[in-house]
Amino acid sequence: MIEIIIGKYNYWIYITLMMIGFYAMIAKGNLIKKIIGMNIFQTAVILFYISTGKVWGGTAPILWDKAVIYDNPIPHVLMLTAIVVSVGTTAVAIAIVIRIYKEYGTMEEDAILEIERKQAEELRKGNTGQREI
Amino acid sequence: MIDFILLFFLVICAIAAIRMKDLLSTVIILGAYSLIMAVVWTRMNAVDVAFTEASVGAGITTVLLIAALSRTQRGEENGQRSQVRVQGSLNAHSIISLIVVFVTGAVLVYGTLDMPDYGDPNAPSHHHVAPRYIKEPLEESGVINMVTALLANYRGYDTLGETTVIFTSGISVILLLRRKIQQ
Amino acid sequence: MKDDIIIRVISNLLIPFIQLYALYVLAHGDLGPGGGFQGGVIFASSIILYVLVYGIDEGRKRAHQKITDVLNSVGVMIYGGIGVVCLFFGGYYLQYGKLPLGDLKHASHLGIYGIEIGVEVTVAAVMITIFFEMAGRKSD
């Protein structure tokens with residue numbers, strides 16, 4: 001039991017970070033908090049992948065005379081693309097939030113749903129009113 | 001030891017960032033989180049990735065979030081205008097979210113019991129293509145940094161896709177936010 | 001912020017060095033950590049510093065909207081164009097070894113440089129564009 005904990009505690013810390021980001025994405029009502037939770041989740045996943053590339057006693061993957069063993073360069077390559085994609089996604093998400101604020105005047109998720117519900121009710125009442133006349 | 005302290009600080013920054021009510025403080029704590037993450041990656045010898053995260057996470061994302069806050073509002077409301085959600089932090093919505101998060105975390109922890117230990121040189125990911133990618137870039141292209149050689153030569157299609165994704169996100173932001181100047 | 005003399009003097013001194021550092025990171029991408037993407041982001045951050053000190057209108061005069069709009073796509077065209085040029089010389093798409101620039105090693109090396117230049121131009125232009133679109137006035 002003890003050697004399981006000593007061998008794998010770092011994975012459990014990365015999973016804790018992922019779950020903190022996930023909780024922020026589903027439980028908080030403010031839209032910018034959701035974007036920040038998405039960002040925390042993405043960097044925690046990237047940390048998890050990079051930790052699988054490390055080798056005991058290895059150096060950075062740049063050729064060097066005094067090096068005996070190198071780290072695995074493949075996760076670094078894939079995670080560079082992942083960081084780039086995450087910044088693109090965050091930029092588009094922030095642009096959508098700015099447009100939502102211009103349209104509804106608020107950034108809270110349940111206030112927006114309330115405004116939508118009232119608009120749908122007005123539309124339904126308007127329709128039935130016309131049919132009676 | 002220092003790795004453990006840095007990871008502990010990461011968890012503290014993440015929890016603090018999502019509990020603050022003032023959104024400007026949240027964004028600044030997110031910048032500090034990105035910087036500590038870059039230091040953790042430098043400790044793991046991932047220098048290219050740490051360089052990118054320090055310049056992108058602590059630079060561009062923080063600036064874009066502050067620009068977004070300047071065009072919307074700075075504080076987080078408590079949902080005062082809604083009748084649907086009860087005030088306070090321990091209502092049914094939060095409890096169900098906590099249960100979902102715990103179940104997902106437990107399933108992931110159960111999945112890591114089979115994974116190789118941290119830094120194991122006998123892990124299967126180090127044996128198939130990786131020795132070839134370590135030996136060949138210098139002979140075939142004269143490039144010393146293996147990560148750049150992999151990105152541009154062996155995985156060139158992925159980098160083409162990544163450049164197209166950045167281009168698409170630039171176009172999307174232009175379509176969403178630009179207005180015509182009425183002369 | 002342009003009335004504050006310390007900020008103005010220091011940023012006037014630093015902005016050319018930040019841009020030079022961005023080109024250094026691009027050019028030494030195959031000898032150490034770095035490459036196209038990091039250089040592009042650092043170049044964009046120099047323009048963001050200029051806008052923070054002198055204001056949006058002054059910054060728009062330095063990075064015209066038409067120029068950044070065109071440079072958005074020029075980088076991707078350079079990348080795709082190098083791939084198509086490799087097709088003309090008998091190789092597969094993006095096979096730099098067949099370019100007529102010397103033996104296999106030199107042709108691959110120069111092909112990698114060309115690709116990194118394309119990535120840097122696109123990334124710098126897109127980051128500048130996104131920042132200018134988001135930093136408009138509140139009355140928009």
# chains A, B, ... in the order shown; residues from 1 in each chain; ligands from 1
call {"tool": "closest_atom_pairs", "arguments": {"of": "chain C", "to": "chain B", "cutoff": "9 Å", "atoms": "only C-alpha atoms", "output": "tab-separated table"}}
result
residue	atom	partner	partner_atom	distance
C:Gly29	CA	B:Thr148	CA	6.9
C:Asp30	CA	B:Asn145	CA	4.9
C:Leu31	CA	B:Ile144	CA	5.4
C:Gly32	CA	B:Asn145	CA	5.8
C:Pro33	CA	B:Asp48	CA	5.1
C:Gly34	CA	B:Asp48	CA	6.1
C:Gly35	CA	B:Thr148	CA	6.8
C:Phe37	CA	B:Thr52	CA	7.7
C:Gln38	CA	B:Thr52	CA	5.7
C:Val41	CA	B:Ser55	CA	6.8
C:Ile42	CA	B:Ser55	CA	7.0
C:Ala44	CA	B:Ile60	CA	8.9
C:Ser45	CA	B:Gly59	CA	7.6
C:Ile48	CA	B:Val63	CA	8.9
C:Asn72	CA	B:Phe167	CA	6.6
C:Ser73	CA	B:Phe167	CA	7.1
C:Gly75	CA	B:Thr163	CA	8.4
C:Val76	CA	B:Thr163	CA	6.6
C:Tyr79	CA	B:Leu160	CA	7.2
C:Gly80	CA	B:Leu160	CA	7.7
C:Leu94	CA	B:Gly156	CA	7.3
C:Gln95	CA	B:Asn153	CA	8.1
C:Tyr96	CA	B:Asn153	CA	8.2
C:Gly97	CA	B:Ser141	CA	8.9
C:Leu104	CA	B:Glu140	CA	7.0
C:Lys105	CA	B:Ser141	CA	4.5
C:His106	CA	B:Ser141	CA	6.8
C:Ala107	CA	B:Ser141	CA	7.8
C:Ser108	CA	B:Ser141	CA	5.1
C:His109	CA	B:Ser141	CA	5.3
C:Leu110	CA	B:Ser141	CA	8.9
C:Gly111	CA	B:Ala152	CA	8.6
C:Ile112	CA	B:Ala152	CA	5.8
C:Tyr113	CA	B:Ala152	CA	8.9
C:Ile115	CA	B:Ala152	CA	7.0
C:Glu116	CA	B:Ala152	CA	7.8
C:Gly118	CA	B:Thr163	CA	8.9
C:Val119	CA	B:Thr163	CA	6.5
C:Thr122	CA	B:Phe167	CA	7.1
C:Val123	CA	B:Ile166	CA	7.0
C:Ala125	CA	B:Gly170	CA	8.8
C:Val126	CA	B:Gly170	CA	5.4
C:Met127	CA	B:Gly170	CA	7.7
C:Thr129	CA	B:Gly170	CA	6.9
C:Ile130	CA	B:Gly170	CA	6.2
C:Phe131	CA	B:Leu64	CA	6.7
C:Glu133	CA	B:Leu177	CA	6.3
C:Met134	CA	B:Ala67	CA	6.2
C:Ala135	CA	B:Ala67	CA	5.6
C:Gly136	CA	B:Arg71	CA	7.9
C:Arg137	CA	B:Arg71	CA	7.3
C:Lys138	CA	B:Arg71	CA	5.2
C:Ser139	CA	B:Arg71	CA	8.5
C:Asp140	CA	B:Arg179	CA	8.3
call {"tool": "closest_atom_pairs", "arguments": {"of": "chain A", "to": "chain C", "cutoff": "10 Å", "atoms": "only C-alpha atoms", "output": "JSON lines"}}
result
{"residue": "A:Ala60", "atom": "CA", "partner": "C:Pro33", "partner_atom": "CA", "distance": 9.7}
{"residue": "A:Pro61", "atom": "CA", "partner": "C:Pro33", "partner_atom": "CA", "distance": 9.5}
{"residue": "A:Ile62", "atom": "CA", "partner": "C:Gly32", "partner_atom": "CA", "distance": 6.9}
{"residue": "A:Leu63", "atom": "CA", "partner": "C:Leu31", "partner_atom": "CA", "distance": 8.8}
{"residue": "A:Leu80", "atom": "CA", "partner": "C:Phe37", "partner_atom": "CA", "distance": 9.1}
{"residue": "A:Thr81", "atom": "CA", "partner": "C:Phe37", "partner_atom": "CA", "distance": 9.8}
{"residue": "A:Val84", "atom": "CA", "partner": "C:Phe37", "partner_atom": "CA", "distance": 8.4}
{"residue": "A:Val87", "atom": "CA", "partner": "C:Met127", "partner_atom": "CA", "distance": 9.9}
{"residue": "A:Gly88", "atom": "CA", "partner": "C:Met127", "partner_atom": "CA", "distance": 9.4}
{"residue": "A:Ala91", "atom": "CA", "partner": "C:Ile130", "partner_atom": "CA", "distance": 7.5}
{"residue": "A:Val92", "atom": "CA", "partner": "C:Ile130", "partner_atom": "CA", "distance": 9.1}
{"residue": "A:Ile94", "atom": "CA", "partner": "C:Met134", "partner_atom": "CA", "distance": 8.8}
{"residue": "A:Ala95", "atom": "CA", "partner": "C:Met134", "partner_atom": "CA", "distance": 7.3}
{"residue": "A:Ile98", "atom": "CA", "partner": "C:Met134", "partner_atom": "CA", "distance": 8.6}
{"residue": "A:Lys102", "atom": "CA", "partner": "C:Asp140", "partner_atom": "CA", "distance": 8.7}
call {"tool": "residues_around", "arguments": {"residues": "region 35-48 of chain A", "least_positions_apart": "4", "cutoff": "8 Å", "atoms": "only C-alpha atoms", "output": "PDB file with N, CA and C atoms, in the first residue's frame"}}
result
ATOM      1  N   TYR A  11       0.647  11.495  -9.780  1.00  0.00           N
ATOM      2  CA  TYR A  11      -0.538  11.412 -10.629  1.00  0.00           C
ATOM      3  C   TYR A  11      -1.772  11.893  -9.887  1.00  0.00           C
ATOM      4  N   TYR A  14      -1.988  15.602  -9.914  1.00  0.00           N
ATOM      5  CA  TYR A  14      -2.439  16.147 -11.195  1.00  0.00           C
ATOM      6  C   TYR A  14      -3.944  15.951 -11.353  1.00  0.00           C
ATOM      7  N   ILE A  15      -4.479  14.810 -10.888  1.00  0.00           N
ATOM      8  CA  ILE A  15      -5.909  14.574 -10.987  1.00  0.00           C
ATOM      9  C   ILE A  15      -6.659  15.557 -10.088  1.00  0.00           C
ATOM     10  N   LEU A  17      -5.766  18.671  -9.514  1.00  0.00           N
ATOM     11  CA  LEU A  17      -5.831  19.923 -10.266  1.00  0.00           C
ATOM     12  C   LEU A  17      -6.879  19.855 -11.361  1.00  0.00           C
ATOM     13  N   MET A  18      -6.947  18.728 -12.052  1.00  0.00           N
ATOM     14  CA  MET A  18      -7.949  18.594 -13.110  1.00  0.00           C
ATOM     15  C   MET A  18      -9.347  18.709 -12.537  1.00  0.00           C
ATOM     16  N   MET A  19      -9.583  18.108 -11.383  1.00  0.00           N
ATOM     17  CA  MET A  19     -10.930  18.138 -10.820  1.00  0.00           C
ATOM     18  C   MET A  19     -11.281  19.519 -10.296  1.00  0.00           C
ATOM     19  N   ILE A  20     -10.272  20.299  -9.848  1.00  0.00           N
ATOM     20  CA  ILE A  20     -10.571  21.682  -9.444  1.00  0.00           C
ATOM     21  C   ILE A  20     -11.041  22.482 -10.656  1.00  0.00           C
ATOM     22  N   GLY A  21     -10.355  22.321 -11.784  1.00  0.00           N
ATOM     23  CA  GLY A  21     -10.776  23.021 -12.997  1.00  0.00           C
ATOM     24  C   GLY A  21     -12.154  22.574 -13.467  1.00  0.00           C
ATOM     25  N   PHE A  22     -12.423  21.275 -13.377  1.00  0.00           N
ATOM     26  CA  PHE A  22     -13.702  20.723 -13.808  1.00  0.00           C
ATOM     27  C   PHE A  22     -14.842  21.246 -12.932  1.00  0.00           C
ATOM     28  N   TYR A  23     -14.608  21.329 -11.623  1.00  0.00           N
ATOM     29  CA  TYR A  23     -15.640  21.843 -10.735  1.00  0.00           C
ATOM     30  C   TYR A  23     -15.949  23.299 -11.065  1.00  0.00           C
ATOM     31  N   ALA A  24     -14.893  24.097 -11.364  1.00  0.00           N
ATOM     32  CA  ALA A  24     -15.140  25.505 -11.717  1.00  0.00           C
ATOM     33  C   ALA A  24     -15.945  25.601 -12.996  1.00  0.00           C
ATOM     34  N   MET A  25     -15.768  24.666 -13.925  1.00  0.00           N
ATOM     35  CA  MET A  25     -16.505  24.756 -15.169  1.00  0.00           C
ATOM     36  C   MET A  25     -17.969  24.426 -15.002  1.00  0.00           C
ATOM     37  N   LEU A  31     -19.597  33.542 -16.221  1.00  0.00           N
ATOM     38  CA  LEU A  31     -19.044  32.958 -17.448  1.00  0.00           C
ATOM     39  C   LEU A  31     -17.521  33.049 -17.480  1.00  0.00           C
ATOM     40  N   THR A  52       4.756  12.011 -18.106  1.00  0.00           N
ATOM     41  CA  THR A  52       5.036  10.660 -18.578  1.00  0.00           C
ATOM     42  C   THR A  52       6.279  10.587 -19.436  1.00  0.00           C
ATOM     43  N   MET A  79       2.449  18.441 -26.763  1.00  0.00           N
ATOM     44  CA  MET A  79       1.878  19.403 -25.827  1.00  0.00           C
ATOM     45  C   MET A  79       2.118  20.830 -26.267  1.00  0.00           C
ATOM     46  N   ALA A  82      -0.811  21.547 -28.108  1.00  0.00           N
ATOM     47  CA  ALA A  82      -1.975  21.667 -27.232  1.00  0.00           C
ATOM     48  C   ALA A  82      -2.031  23.044 -26.576  1.00  0.00           C
ATOM     49  N   ILE A  83      -0.875  23.600 -26.217  1.00  0.00           N
ATOM     50  CA  ILE A  83      -0.894  24.934 -25.591  1.00  0.00           C
ATOM     51  C   ILE A  83      -1.359  25.970 -26.598  1.00  0.00           C
ATOM     52  N   SER A  86      -5.015  25.796 -26.983  1.00  0.00           N
ATOM     53  CA  SER A  86      -5.754  26.294 -25.816  1.00  0.00           C
ATOM     54  C   SER A  86      -5.818  27.815 -25.820  1.00  0.00           C
ATOM     55  N   THR A  90      -9.315  29.940 -25.883  1.00  0.00           N
ATOM     56  CA  THR A  90      -9.625  30.951 -24.861  1.00  0.00           C
ATOM     57  C   THR A  90      -9.962  32.288 -25.505  1.00  0.00           C
ATOM     58  N   ALA A  93     -13.485  32.133 -26.887  1.00  0.00           N
ATOM     59  CA  ALA A  93     -14.470  32.089 -25.798  1.00  0.00           C
ATOM     60  C   ALA A  93     -14.656  33.471 -25.181  1.00  0.00           C
ATOM     61  N   ILE A  94     -13.554  34.214 -25.014  1.00  0.00           N
ATOM     62  CA  ILE A  94     -13.683  35.555 -24.433  1.00  0.00           C
ATOM     63  C   ILE A  94     -14.442  36.474 -25.377  1.00  0.00           C
TER      64      ILE A  94
ATOM     65  N   ALA B  14      -4.804  27.370  -7.611  1.00  0.00           N
ATOM     66  CA  ALA B  14      -6.008  27.001  -8.367  1.00  0.00           C
ATOM     67  C   ALA B  14      -7.249  27.170  -7.505  1.00  0.00           C
ATOM     68  N   ILE B  18     -10.490  30.207  -8.056  1.00  0.00           N
ATOM     69  CA  ILE B  18     -11.898  30.039  -8.353  1.00  0.00           C
ATOM     70  C   ILE B  18     -12.784  30.427  -7.199  1.00  0.00           C
ATOM     71  N   LEU B  30      -4.382  33.749 -11.723  1.00  0.00           N
ATOM     72  CA  LEU B  30      -4.180  32.822 -12.845  1.00  0.00           C
ATOM     73  C   LEU B  30      -2.832  33.059 -13.506  1.00  0.00           C
ATOM     74  N   TRP B  41       7.564  22.776 -15.100  1.00  0.00           N
ATOM     75  CA  TRP B  41       7.994  22.104 -16.321  1.00  0.00           C
ATOM     76  C   TRP B  41       9.480  22.240 -16.575  1.00  0.00           C
TER      77      TRP B  41
END
call {"tool": "select_by_dssp", "arguments": {"residues": "chain A", "states": "strand (DSSP E or B)", "output": "list in words"}}
result
Asn30, Thr59, Ile62, Tyr70 and Glu108 of chain A
call {"tool": "write_last_selection", "arguments": {"atoms": "C-alpha atoms", "output": "PDB file, in the first residue's frame"}}
result
ATOM      1  CA  ASN A  30     -20.159  33.477 -13.861  1.00  0.00           C
ATOM      2  CA  THR A  59      18.515  15.770 -19.477  1.00  0.00           C
ATOM      3  CA  ILE A  62      18.774  19.012 -26.872  1.00  0.00           C
ATOM      4  CA  TYR A  70      17.798  11.996 -22.881  1.00  0.00           C
ATOM      5  CA  GLU A 108     -24.381  35.279 -14.775  1.00  0.00           C
TER       6      GLU A 108
END
call {"tool": "residues_around", "arguments": {"residues": "Tyr50 (chain C)", "least_positions_apart": "6", "cutoff": "12 Å", "atoms": "only C-alpha atoms", "output": "ChimeraX atom specification"}}
result
/C:1-2,7-16,18-19,43-44,56-63,128
call {"tool": "write_last_selection", "arguments": {"atoms": "C-alpha atoms", "output": "PDB file, in the first residue's frame"}}
result
ATOM      1  CA  MET C   1       0.053  56.785 -19.166  1.00  0.00           C
ATOM      2  CA  LYS C   2       2.178  58.754 -21.583  1.00  0.00           C
ATOM      3  CA  ILE C   7       7.332  54.608 -18.061  1.00  0.00           C
ATOM      4  CA  ARG C   8       7.716  56.436 -21.353  1.00  0.00           C
ATOM      5  CA  VAL C   9      11.536  56.482 -21.298  1.00  0.00           C
ATOM      6  CA  ILE C  10      11.923  52.874 -20.207  1.00  0.00           C
ATOM      7  CA  SER C  11       9.476  51.540 -22.775  1.00  0.00           C
ATOM      8  CA  ASN C  12      11.141  53.600 -25.532  1.00  0.00           C
ATOM      9  CA  LEU C  13      14.408  51.945 -24.596  1.00  0.00           C
ATOM     10  CA  LEU C  14      13.041  48.430 -24.217  1.00  0.00           C
ATOM     11  CA  ILE C  15      10.704  47.928 -27.197  1.00  0.00           C
ATOM     12  CA  PRO C  16      13.447  47.579 -29.870  1.00  0.00           C
ATOM     13  CA  ILE C  18      12.159  43.017 -27.154  1.00  0.00           C
ATOM     14  CA  GLN C  19      11.650  42.812 -30.929  1.00  0.00           C
ATOM     15  CA  PHE C  43       6.958  40.113 -30.873  1.00  0.00           C
ATOM     16  CA  ALA C  44       3.247  40.633 -30.245  1.00  0.00           C
ATOM     17  CA  ILE C  56      -4.948  52.536 -28.843  1.00  0.00           C
ATOM     18  CA  ASP C  57      -5.088  55.183 -31.599  1.00  0.00           C
ATOM     19  CA  GLU C  58      -1.362  55.765 -31.489  1.00  0.00           C
ATOM     20  CA  GLY C  59      -0.774  52.023 -31.502  1.00  0.00           C
ATOM     21  CA  ARG C  60      -3.071  51.540 -34.538  1.00  0.00           C
ATOM     22  CA  LYS C  61      -0.905  53.977 -36.470  1.00  0.00           C
ATOM     23  CA  ARG C  62       2.081  51.725 -35.899  1.00  0.00           C
ATOM     24  CA  ALA C  63       0.334  48.464 -36.746  1.00  0.00           C
ATOM     25  CA  ILE C 128      -1.888  41.629 -32.362  1.00  0.00           C
TER      26      ILE C 128
END
call {"tool": "atom_distance", "arguments": {"atom1": "CA of Leu150 (chain B)", "atom2": "CA of Leu78 (chain A)"}}
result
9.8 Å
call {"tool": "select_by_dssp", "arguments": {"residues": "chain C", "states": "alpha helix (DSSP H)", "output": "ChimeraX atom specification"}}
result
/C:5-27,36-54,56-62,65-88,104-134
call {"tool": "write_last_selection", "arguments": {"atoms": "C-alpha atoms", "output": "tab-separated table (two decimals), in the first residue's frame"}}
result
chain	number	residue	atom	x	y	z
C	5	ILE	CA	8.09	60.08	-17.83
C	6	ILE	CA	9.67	57.01	-16.28
C	7	ILE	CA	7.33	54.61	-18.06
C	8	ARG	CA	7.72	56.44	-21.35
C	9	VAL	CA	11.54	56.48	-21.30
C	10	ILE	CA	11.92	52.87	-20.21
C	11	SER	CA	9.48	51.54	-22.78
C	12	ASN	CA	11.14	53.60	-25.53
C	13	LEU	CA	14.41	51.94	-24.60
C	14	LEU	CA	13.04	48.43	-24.22
C	15	ILE	CA	10.70	47.93	-27.20
C	16	PRO	CA	13.45	47.58	-29.87
C	17	PHE	CA	15.28	45.09	-27.68
C	18	ILE	CA	12.16	43.02	-27.15
C	19	GLN	CA	11.65	42.81	-30.93
C	20	LEU	CA	15.30	41.91	-31.44
C	21	TYR	CA	14.95	39.19	-28.80
C	22	ALA	CA	11.93	37.82	-30.65
C	23	LEU	CA	13.99	37.52	-33.85
C	24	TYR	CA	16.83	35.93	-31.86
C	25	VAL	CA	14.50	33.29	-30.42
C	26	LEU	CA	13.25	32.53	-33.94
C	27	ALA	CA	16.74	32.28	-35.48
C	36	GLY	CA	8.57	30.10	-34.37
C	37	PHE	CA	5.71	30.14	-31.95
C	38	GLN	CA	7.57	31.62	-28.97
C	39	GLY	CA	9.17	34.32	-31.14
C	40	GLY	CA	5.81	35.36	-32.53
C	41	VAL	CA	4.26	35.75	-29.09
C	42	ILE	CA	7.20	37.84	-27.83
C	43	PHE	CA	6.96	40.11	-30.87
C	44	ALA	CA	3.25	40.63	-30.24
C	45	SER	CA	3.92	41.49	-26.61
C	46	SER	CA	6.20	44.35	-27.68
C	47	ILE	CA	3.32	45.90	-29.65
C	48	ILE	CA	1.01	45.36	-26.65
C	49	LEU	CA	3.48	47.25	-24.45
C	50	TYR	CA	3.47	50.13	-26.90
C	51	VAL	CA	-0.33	50.28	-26.85
C	52	LEU	CA	-0.43	50.17	-23.04
C	53	VAL	CA	1.85	53.18	-22.79
C	54	TYR	CA	0.64	55.38	-25.66
C	56	ILE	CA	-4.95	52.54	-28.84
C	57	ASP	CA	-5.09	55.18	-31.60
C	58	GLU	CA	-1.36	55.76	-31.49
C	59	GLY	CA	-0.77	52.02	-31.50
C	60	ARG	CA	-3.07	51.54	-34.54
C	61	LYS	CA	-0.91	53.98	-36.47
C	62	ARG	CA	2.08	51.72	-35.90
C	65	GLN	CA	-5.28	47.28	-39.67
C	66	LYS	CA	-4.76	46.44	-43.35
C	67	ILE	CA	-1.19	45.24	-42.76
C	68	THR	CA	-2.07	42.93	-39.89
C	69	ASP	CA	-5.10	41.62	-41.79
C	70	VAL	CA	-2.87	40.60	-44.68
C	71	LEU	CA	-0.09	39.21	-42.49
C	72	ASN	CA	-2.60	36.92	-40.78
C	73	SER	CA	-2.73	34.75	-43.86
C	74	VAL	CA	0.75	35.31	-45.32
C	75	GLY	CA	2.31	33.02	-42.72
C	76	VAL	CA	0.02	30.09	-43.50
C	77	MET	CA	0.63	30.70	-47.22
C	78	ILE	CA	4.40	30.51	-46.69
C	79	TYR	CA	4.00	27.23	-44.86
C	80	GLY	CA	1.72	25.68	-47.45
C	81	GLY	CA	3.76	27.21	-50.26
C	82	ILE	CA	6.95	25.49	-49.15
C	83	GLY	CA	5.06	22.22	-49.19
C	84	VAL	CA	3.82	22.81	-52.74
C	85	VAL	CA	7.32	23.81	-53.91
C	86	CYS	CA	8.56	20.48	-52.63
C	87	LEU	CA	5.92	18.82	-54.83
C	88	PHE	CA	7.38	20.53	-57.90
C	104	LEU	CA	19.98	16.42	-47.95
C	105	LYS	CA	21.19	17.95	-44.68
C	106	HIS	CA	21.29	21.56	-45.88
C	107	ALA	CA	18.01	21.38	-47.74
C	108	SER	CA	16.22	19.99	-44.69
C	109	HIS	CA	17.76	22.64	-42.46
C	110	LEU	CA	16.69	25.50	-44.73
C	111	GLY	CA	13.23	24.01	-45.12
C	112	ILE	CA	12.84	23.98	-41.34
C	113	TYR	CA	13.89	27.64	-41.18
C	114	GLY	CA	11.33	28.61	-43.80
C	115	ILE	CA	8.56	26.89	-41.89
C	116	GLU	CA	9.47	28.57	-38.63
C	117	ILE	CA	9.38	32.00	-40.31
C	118	GLY	CA	5.88	31.26	-41.60
C	119	VAL	CA	4.66	30.22	-38.15
C	120	GLU	CA	6.14	33.34	-36.50
C	121	VAL	CA	4.54	35.78	-38.95
C	122	THR	CA	1.09	34.26	-38.51
C	123	VAL	CA	1.27	33.99	-34.73
C	124	ALA	CA	2.49	37.58	-34.25
C	125	ALA	CA	-0.15	39.03	-36.57
C	126	VAL	CA	-3.00	37.03	-35.02
C	127	MET	CA	-2.06	37.93	-31.44
C	128	ILE	CA	-1.89	41.63	-32.36
C	129	THR	CA	-5.25	41.39	-34.16
C	130	ILE	CA	-6.96	39.67	-31.25
C	131	PHE	CA	-5.64	42.23	-28.78
C	132	PHE	CA	-6.77	45.21	-30.85
C	133	GLU	CA	-10.24	43.76	-31.38
C	134	MET	CA	-10.73	43.13	-27.69
call {"tool": "atom_distance", "arguments": {"atom1": "CA of Thr61 (chain B)", "atom2": "CA of Pro75 (chain A)"}}
result
22.9 Å
call {"tool": "residues_around", "arguments": {"residues": "Met115 (chain B)", "least_positions_apart": "3", "cutoff": "10 Å", "atoms": "only C-alpha atoms", "output": "number ranges by chain"}}
result
A: 7-8, 11, 52; B: 111-112, 118, 123
call {"tool": "closest_residue", "arguments": {"among": "B:Ile28, B:Ala58, B:Val107, B:Val11", "to": "chain A", "atoms": "only C-alpha atoms"}}
result
B:Val11
call {"tool": "atom_distance", "arguments": {"atom1": "CA of Leu6 (chain B)", "atom2": "CA of Met1 (chain A)"}}
result
25.2 Å
